[in-house]
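Shown next: query_37.csv, containing CSV, C-alpha atoms.
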chain,number,residue,atom,x,y,z
Y,1,MET,CA,-101.7,12.4,66.3
Y,2,MET,CA,-98.2,13.4,65.8
Y,3,LEU,CA,-98.4,15.1,62.4
Y,4,ALA,CA,-101.5,17.0,63.4
Y,5,ALA,CA,-99.5,18.7,66.2
Y,6,LEU,CA,-96.5,19.8,64.0
Y,7,ALA,CA,-97.8,23.3,63.6
Y,8,VAL,CA,-98.4,23.8,67.3
Y,9,ALA,CA,-96.1,26.5,68.7
Y,10,THR,CA,-96.4,27.8,72.2
Y,11,THR,CA,-95.2,30.6,74.4
Y,12,LEU,CA,-95.8,28.6,77.6
Y,13,ALA,CA,-92.8,28.9,79.8
Y,14,ALA,CA,-92.9,25.3,80.9
Y,15,PRO,CA,-92.7,22.2,78.6
Y,16,ARG,CA,-96.1,21.0,77.4
Y,17,PHE,CA,-95.6,17.6,79.1
Y,18,PHE,CA,-94.9,17.0,82.8
Y,19,LEU,CA,-92.4,14.3,81.8
Y,20,SER,CA,-90.1,15.3,79.0
Y,21,GLY,CA,-86.6,15.1,77.7
Y,22,ASP,CA,-84.4,18.1,76.7
Y,23,GLY,CA,-85.7,18.1,73.1
Y,24,THR,CA,-83.0,15.8,71.7
Y,25,LEU,CA,-83.1,12.1,70.9
Y,26,ALA,CA,-80.9,9.5,69.1
Y,27,LEU,CA,-82.6,6.3,68.0
Y,28,ALA,CA,-81.6,3.2,66.0
Y,29,SER,CA,-83.9,0.4,64.7
Y,30,ALA,CA,-82.8,-3.1,65.6
Y,31,HIS,CA,-84.5,-4.6,62.5
Y,32,SER,CA,-84.1,-2.0,59.7
Y,33,GLY,CA,-80.8,-0.4,60.8
Y,34,ASP,CA,-82.3,3.1,60.3
Y,35,THR,CA,-81.0,5.8,62.7
Y,36,ALA,CA,-82.0,9.3,63.7
Y,37,THR,CA,-80.2,11.9,65.8
Y,38,VAL,CA,-82.4,14.9,66.1
Y,39,ARG,CA,-83.5,17.9,68.0
Y,40,TYR,CA,-87.3,17.3,67.9
Y,41,ARG,CA,-88.3,20.2,70.1
Y,42,ARG,CA,-87.3,23.8,69.5
Y,43,ALA,CA,-86.3,26.4,72.1
Y,44,ASP,CA,-89.8,28.0,71.8
Y,45,GLY,CA,-91.5,24.7,72.7
Y,46,SER,CA,-92.7,23.9,69.1
Y,47,TYR,CA,-91.9,20.6,67.5
Y,48,ASP,CA,-89.7,20.2,64.4
Y,49,PRO,CA,-91.7,18.3,61.7
Y,50,ASP,CA,-88.7,17.0,59.9
Y,51,ALA,CA,-87.2,15.6,63.1
Y,52,LEU,CA,-90.6,13.9,63.9
Y,53,VAL,CA,-90.7,12.4,60.5
Y,54,GLN,CA,-87.2,10.8,61.1
Y,55,ILE,CA,-88.4,9.5,64.4
Y,56,ARG,CA,-91.5,8.0,62.9
Y,57,ARG,CA,-89.4,6.2,60.2
Y,58,VAL,CA,-87.1,4.6,62.8
Y,59,LEU,CA,-90.2,3.5,64.8
Y,60,ARG,CA,-92.0,2.1,61.7
Y,61,SER,CA,-93.7,-1.3,61.8
Y,62,ARG,CA,-91.6,-4.3,60.7
Y,63,ASP,CA,-94.0,-4.7,57.7
Y,64,GLY,CA,-92.8,-1.3,56.5
Y,65,ALA,CA,-96.0,0.6,57.5
Y,66,GLU,CA,-95.5,4.0,59.2
Y,67,GLY,CA,-98.0,5.2,61.7
Y,68,ASP,CA,-98.5,8.1,64.0
Y,69,VAL,CA,-96.2,8.3,67.0
Y,70,ALA,CA,-97.6,10.2,70.0
Y,71,LEU,CA,-95.6,13.3,71.1
Y,72,ARG,CA,-96.1,11.9,74.6
Y,73,LEU,CA,-94.1,8.8,73.6
Y,74,VAL,CA,-91.4,10.9,72.0
Y,75,GLU,CA,-91.0,12.8,75.2
Y,76,LEU,CA,-90.9,9.6,77.3
Y,77,LEU,CA,-88.1,8.3,75.0
Y,78,GLY,CA,-86.4,11.7,75.2
Y,79,HIS,CA,-86.5,11.5,79.0
Y,80,VAL,CA,-85.0,8.0,79.1
Y,81,TYR,CA,-82.4,9.1,76.6
Y,82,VAL,CA,-81.3,11.9,79.0
Y,83,MET,CA,-81.4,9.5,81.9
Y,84,ARG,CA,-78.9,7.2,80.2
Y,85,GLY,CA,-76.4,10.0,79.5
Y,86,LYS,CA,-77.6,10.4,75.9
Y,87,ALA,CA,-76.6,6.9,74.7
Y,88,SER,CA,-78.6,6.1,71.5
Y,89,LEU,CA,-81.8,4.0,72.2
Y,90,THR,CA,-82.1,0.8,70.2
Y,91,ILE,CA,-85.8,0.2,69.2
Y,92,VAL,CA,-86.8,-3.5,69.1
Y,93,SER,CA,-90.4,-2.7,68.3
Y,94,GLY,CA,-92.1,0.7,67.9
Y,95,TYR,CA,-95.2,1.2,65.9
Y,96,ARG,CA,-97.0,-1.9,64.7
Y,97,SER,CA,-99.6,-1.9,62.0
Y,98,PRO,CA,-102.8,-3.7,63.1
Y,99,ASP,CA,-102.2,-6.4,60.4
Y,100,TYR,CA,-98.6,-7.0,61.6
Y,101,ASN,CA,-99.7,-7.2,65.2
Y,102,GLU,CA,-102.4,-9.8,64.4
Y,103,ALA,CA,-99.9,-11.7,62.3
Y,104,ILE,CA,-97.4,-12.1,65.2
Y,105,ARG,CA,-100.3,-13.0,67.5
Y,106,ALA,CA,-101.2,-15.8,65.1
Y,107,ARG,CA,-97.7,-17.1,65.3
Y,108,GLY,CA,-98.0,-17.3,69.1
Y,109,ALA,CA,-96.1,-14.1,70.1
Y,110,ARG,CA,-96.9,-12.4,73.4
Y,111,ALA,CA,-98.7,-9.4,71.9
Y,112,ALA,CA,-102.0,-8.0,73.1
Y,113,SER,CA,-104.9,-7.7,70.7
Y,114,GLY,CA,-105.4,-4.1,71.9
Y,115,SER,CA,-101.6,-3.4,71.9
Y,116,LEU,CA,-100.6,0.2,72.4
Y,117,HIS,CA,-97.9,-0.4,69.7
Y,118,THR,CA,-100.7,-0.2,67.1
Y,119,GLU,CA,-101.6,3.3,68.3
Y,120,GLY,CA,-98.1,4.7,68.4
Y,121,LEU,CA,-98.1,4.8,72.1
Y,122,ALA,CA,-95.5,2.2,72.9
Y,123,ALA,CA,-91.9,1.1,72.1
Y,124,ASP,CA,-89.7,-1.9,73.1
Y,125,VAL,CA,-86.2,-0.6,73.8
Y,126,ALA,CA,-83.1,-2.9,74.1
Y,127,PHE,CA,-80.6,-2.2,76.9
Y,128,PRO,CA,-77.5,-4.0,78.2
Y,129,GLY,CA,-78.5,-6.8,80.6
Y,130,LYS,CA,-77.0,-5.2,83.7
Y,131,GLN,CA,-79.0,-2.0,83.0
Y,132,LEU,CA,-82.4,-3.5,82.5
Y,133,ARG,CA,-83.6,-4.0,86.0
Y,134,PRO,CA,-82.2,-0.7,87.4
Y,135,LEU,CA,-83.8,1.2,84.5
Y,136,TRP,CA,-87.1,-0.6,85.0
Y,137,MET,CA,-87.1,0.4,88.7
Y,138,GLN,CA,-86.3,4.0,87.8
Y,139,ILE,CA,-89.1,4.2,85.3
Y,140,ARG,CA,-91.6,2.5,87.7
Y,141,ALA,CA,-90.8,5.1,90.3
Y,142,LEU,CA,-91.8,7.9,87.9
Y,143,ASP,CA,-95.4,6.6,88.1
Y,144,CYS,CA,-96.1,7.9,84.6
Y,145,CYS,CA,-96.2,5.1,82.2
Y,146,GLY,CA,-96.4,1.4,81.4
Y,147,ALA,CA,-93.1,-0.4,82.0
Y,148,GLY,CA,-92.6,-4.1,81.2
Y,149,TYR,CA,-89.4,-5.9,82.1
Y,150,TYR,CA,-88.3,-8.6,79.6
Y,151,GLN,CA,-84.9,-9.8,80.9
Y,152,SER,CA,-84.5,-12.9,78.7
Y,153,GLU,CA,-85.3,-10.9,75.6
Y,154,GLY,CA,-83.1,-7.9,76.7
Y,155,PHE,CA,-85.6,-5.1,76.4
Y,156,LEU,CA,-88.0,-2.9,78.4
Y,157,HIS,CA,-91.5,-2.2,77.0
Y,158,LEU,CA,-92.3,1.5,77.5
Y,159,ASP,CA,-95.8,3.0,76.8
Y,160,VAL,CA,-97.8,6.1,77.7
Y,161,GLY,CA,-100.9,4.3,78.9
Y,162,ARG,CA,-101.9,3.9,82.5
Y,163,PRO,CA,-99.1,3.8,85.0
Y,164,ARG,CA,-98.4,0.1,85.7
Y,165,PHE,CA,-95.6,-2.4,85.5
Y,166,TRP,CA,-95.1,-6.1,84.9
Y,167,GLU,CA,-92.8,-9.0,84.0
Y,168,PRO,CA,-93.7,-11.7,81.4
Y,169,ALA,CA,-95.1,-14.0,84.1
Y,170,THR,CA,-97.5,-11.2,85.3
Y,171,SER,CA,-98.4,-9.6,82.0
Y,172,LYS,CA,-101.6,-11.7,81.5
Y,173,VAL,CA,-101.4,-11.0,77.7
Y,174,GLU,CA,-103.0,-14.4,77.0
Y,175,GLN,CA,-106.1,-13.3,78.9
Y,176,ASN,CA,-106.9,-10.5,76.4
Y,177,LEU,CA,-107.7,-8.1,79.2
Y,178,SER,CA,-108.6,-5.2,76.8
Y,179,ALA,CA,-111.5,-7.1,75.2
Y,180,GLY,CA,-114.8,-5.4,75.0
Y,181,ASN,CA,-113.4,-1.9,75.8
Y,182,ALA,CA,-112.5,-3.1,79.4
Y,183,LEU,CA,-109.3,-1.1,79.4
Y,184,VAL,CA,-110.3,1.9,77.3
Y,185,PHE,CA,-108.6,5.1,78.5
Y,186,ALA,CA,-108.2,8.7,77.3
Y,187,ARG,CA,-105.1,10.8,76.8
Y,188,THR,CA,-104.9,14.6,76.1
Y,189,GLU,CA,-102.6,15.8,73.4
Y,190,PHE,CA,-100.5,17.8,75.9
Y,191,ASP,CA,-100.4,18.1,79.7
Y,192,ARG,CA,-100.1,21.9,80.0
Y,193,TYR,CA,-102.6,24.2,78.3
Y,194,ALA,CA,-103.0,28.0,78.2
Y,195,SER,CA,-106.3,29.4,79.4
Y,196,GLY,CA,-109.0,29.2,76.7
Y,197,GLU,CA,-107.0,26.8,74.5
Y,198,PRO,CA,-109.0,23.8,73.3
Y,199,ILE,CA,-107.9,20.5,74.9
Y,200,VAL,CA,-107.6,17.7,72.4
Y,201,VAL,CA,-108.5,14.2,73.7
Y,202,GLU,CA,-108.4,10.8,72.1
Y,203,LEU,CA,-109.7,7.4,73.3
Y,204,HIS,CA,-107.2,4.5,73.3
Y,205,ALA,CA,-107.4,0.7,73.8
Y,206,MET,CA,-110.9,0.8,72.2
Y,207,THR,CA,-111.4,-2.8,71.1
Y,208,ALA,CA,-115.2,-2.8,70.6
Y,209,PRO,CA,-116.3,0.3,68.7
Y,210,PRO,CA,-118.3,2.4,68.8
Y,211,VAL,CA,-118.1,4.3,72.1
Y,212,LEU,CA,-120.7,7.0,72.7
Y,213,ILE,CA,-119.3,10.0,74.5
Y,214,ALA,CA,-121.6,12.6,76.2
Y,215,LYS,CA,-121.3,16.2,75.0
Y,216,ASP,CA,-120.6,17.4,78.6
Y,217,ALA,CA,-117.6,16.3,80.7
Y,218,ALA,CA,-116.0,17.5,83.9
Y,219,LEU,CA,-112.6,18.9,85.0
Y,220,VAL,CA,-112.0,17.4,88.4
Y,221,GLU,CA,-109.4,19.0,90.6
Y,222,GLY,CA,-109.5,17.5,94.1
Y,223,ALA,CA,-113.0,17.9,95.4
Y,224,LYS,CA,-113.8,20.6,92.8
Y,225,GLU,CA,-115.7,19.5,89.7
Y,226,THR,CA,-116.4,21.9,86.8
Y,227,LYS,CA,-118.6,21.2,83.8
Y,228,VAL,CA,-116.9,21.5,80.4
Y,229,ARG,CA,-118.1,20.9,76.8
Y,230,VAL,CA,-116.9,18.2,74.4
Y,231,GLU,CA,-116.9,19.1,70.7
Y,232,ALA,CA,-116.1,16.9,67.8
Y,233,ASP,CA,-116.5,16.5,64.0
Y,234,LEU,CA,-118.4,13.2,64.5
Y,235,PRO,CA,-121.8,11.7,63.9
Y,236,VAL,CA,-124.3,12.1,66.8
Y,237,ARG,CA,-126.3,9.2,68.1
Y,238,ASP,CA,-128.9,9.7,70.9
Y,239,GLY,CA,-127.4,13.1,71.7
Y,240,CYS,CA,-123.8,11.7,72.1
Y,241,TRP,CA,-120.7,11.7,70.0
Y,242,ASP,CA,-120.3,8.4,68.1
Y,243,VAL,CA,-116.6,7.4,68.3
Y,244,GLY,CA,-116.4,4.6,65.8
Y,245,GLN,CA,-112.7,4.2,65.4
Y,246,ARG,CA,-109.3,4.8,66.9
Y,247,GLY,CA,-107.5,8.1,66.3
Y,248,VAL,CA,-110.7,10.3,66.6
Y,249,ARG,CA,-109.8,13.6,68.2
Y,250,MET,CA,-112.3,15.4,70.4
Y,251,ARG,CA,-112.0,18.9,71.8
Y,252,VAL,CA,-112.8,20.0,75.3
Y,253,VAL,CA,-113.6,23.7,75.7
Y,254,GLY,CA,-114.5,25.9,78.6
Y,255,ALA,CA,-112.0,24.4,81.1
Y,256,PRO,CA,-111.2,26.8,83.9
Y,257,ALA,CA,-107.7,27.4,85.3
Y,258,ALA,CA,-106.5,24.4,87.2
Y,259,SER,CA,-103.2,23.7,88.8
Y,260,ARG,CA,-103.6,19.9,88.4
Y,261,GLY,CA,-106.8,18.1,87.4
Y,262,ARG,CA,-108.2,15.4,85.2
Y,263,LEU,CA,-110.9,15.4,82.6
Y,264,THR,CA,-113.7,12.9,83.1
Y,265,LEU,CA,-115.6,11.9,80.0
Y,266,ARG,CA,-119.0,10.2,80.3
Y,267,THR,CA,-120.0,7.3,78.0
Y,268,CYS,CA,-123.6,7.0,76.9
Y,269,SER,CA,-126.0,4.0,76.7
Y,270,PRO,CA,-126.1,1.6,75.0
Y,271,ARG,CA,-122.6,0.7,76.1
Y,272,VAL,CA,-120.9,-2.0,74.2
Y,273,GLU,CA,-119.7,-5.0,76.2
Y,274,LYS,CA,-117.4,-3.9,79.1
Y,275,THR,CA,-117.3,-0.2,78.2
Y,276,PRO,CA,-117.0,1.8,81.5
Y,277,GLU,CA,-119.4,4.6,82.5
Y,278,THR,CA,-116.6,7.2,82.8
Y,279,VAL,CA,-113.2,7.5,81.2
Y,280,ALA,CA,-110.6,9.8,82.9
Y,281,THR,CA,-107.6,11.4,81.2
Y,282,ASN,CA,-104.1,11.9,82.5
Y,283,PRO,CA,-103.5,14.9,84.8
Y,284,ILE,CA,-103.5,18.3,83.1
Y,285,GLU,CA,-102.7,21.9,84.0
Y,286,VAL,CA,-104.8,24.8,82.6
Y,287,GLY,CA,-103.7,28.4,82.6
Y,288,ALA,CA,-100.0,27.8,82.8
Y,289,ALA,CA,-98.0,31.0,83.0
Y,290,ARG,CA,-96.8,32.6,79.8
Structure encoded using structure tokens:
Amino acid sequence: MMLAALAVATTLAAPRFFLSGDGTLALASAHSGDTATVRYRRADGSYDPDALVQIRRVLRSRDGAEGDVALRLVELLGHVYVMRGKASLTIVSGYRSPDYNEAIRARGARAASGSLHTEGLAADVAFPGKQLRPLWMQIRALDCCGAGYYQSEGFLHLDVGRPRFWEPATSKVEQNLSAGNALVFARTEFDRYASGEPIVVELHAMTAPPVLIAKDAALVEGAKETKVRVEADLPVRDGCWDVGQRGVRMRVVGAPAASRGRLTLRTCSPRVEKTPETVATNPIEVGAAR
């Protein structure tokens, strides 16, 4: 969660995310008129809490609710902002409260029941018509994120879920693909970690709680697999962590130095509906130079 990371400072030489902006961002909300022009990341790599509060306000739900906005999404928006020569980004839809998301679904809007907007992981950003497709192709080529191309509506959907891309005709929103935890995935708080630093992990697109997570996991780097521990302030059921809601933060400890690997979490039986047996994170680096 964004506010939980505000106090994090780092002496890591590299940015904490593989994909990032230069620490500046200008946003405007298409529906509220709110704007923010901020430096959200300081020279030492720490995040400015006041700037993040301003970003969160611009990205708030149309029903007025504010929710957490992932630092990973802030950095994606920062990257796009720099790509476009630092022209302010117009937000059509940022965070959506679960109630608002269900309300627009009830009206027939193309919104997923497990929408990443409801977890602060997605934003719809308006661009001039002639820029839409070239930008979509550029973001697709990054192989980092979700990128949806909505030409008639005049925006791109950007999210920090699995790398994938679509147009309205191929989105399959009406099929409710995330039902029963079918698309559950994990994201770490950052991409780069110092040796010995706990790695915070959250599950996303969890549509059928609870998910039971084993207390051991693996850091997989190529053919090498190293056992690590999963810690959490959660109830335990049948020897596993009981993740009963979104936004639960687990900590992975004991990860060895790795130039680029992924954490693989194991789910435990009984598995609800379509819950997968393993859930992998985004790539991470451990032991980055100070």
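You will find CA of Arg260 in chain Y at 11.0 Å from CA of Tyr193 in chain Y.
Closest approach to Ala147 in chain Y among Y:Ala70, Y:Ala217, Y:Ala87, Y:Leu76: Y:Leu76, based on only C-alpha atoms.
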Option closest in space to Pro210 in chain Y, from Y:Arg42, Y:Arg271, Y:Arg84, Y:His31 [counting all atoms listed in the file]: Y:Arg271
Separation of CA of Asp22 in chain Y from CA of Asp50 in chain Y in Å: 17.4 Å
Option closest in space to Val92 in chain Y, from Y:Ala30, Y:Ala280, Y:Leu142, Y:Val272 [counting all atoms listed in the file]: Y:Ala30
Counting only C-alpha atoms, the option among Y:Asp238, Y:Glu189, Y:Glu75, Y:Asp68 closest to Tyr95 in chain Y: Y:Asp68
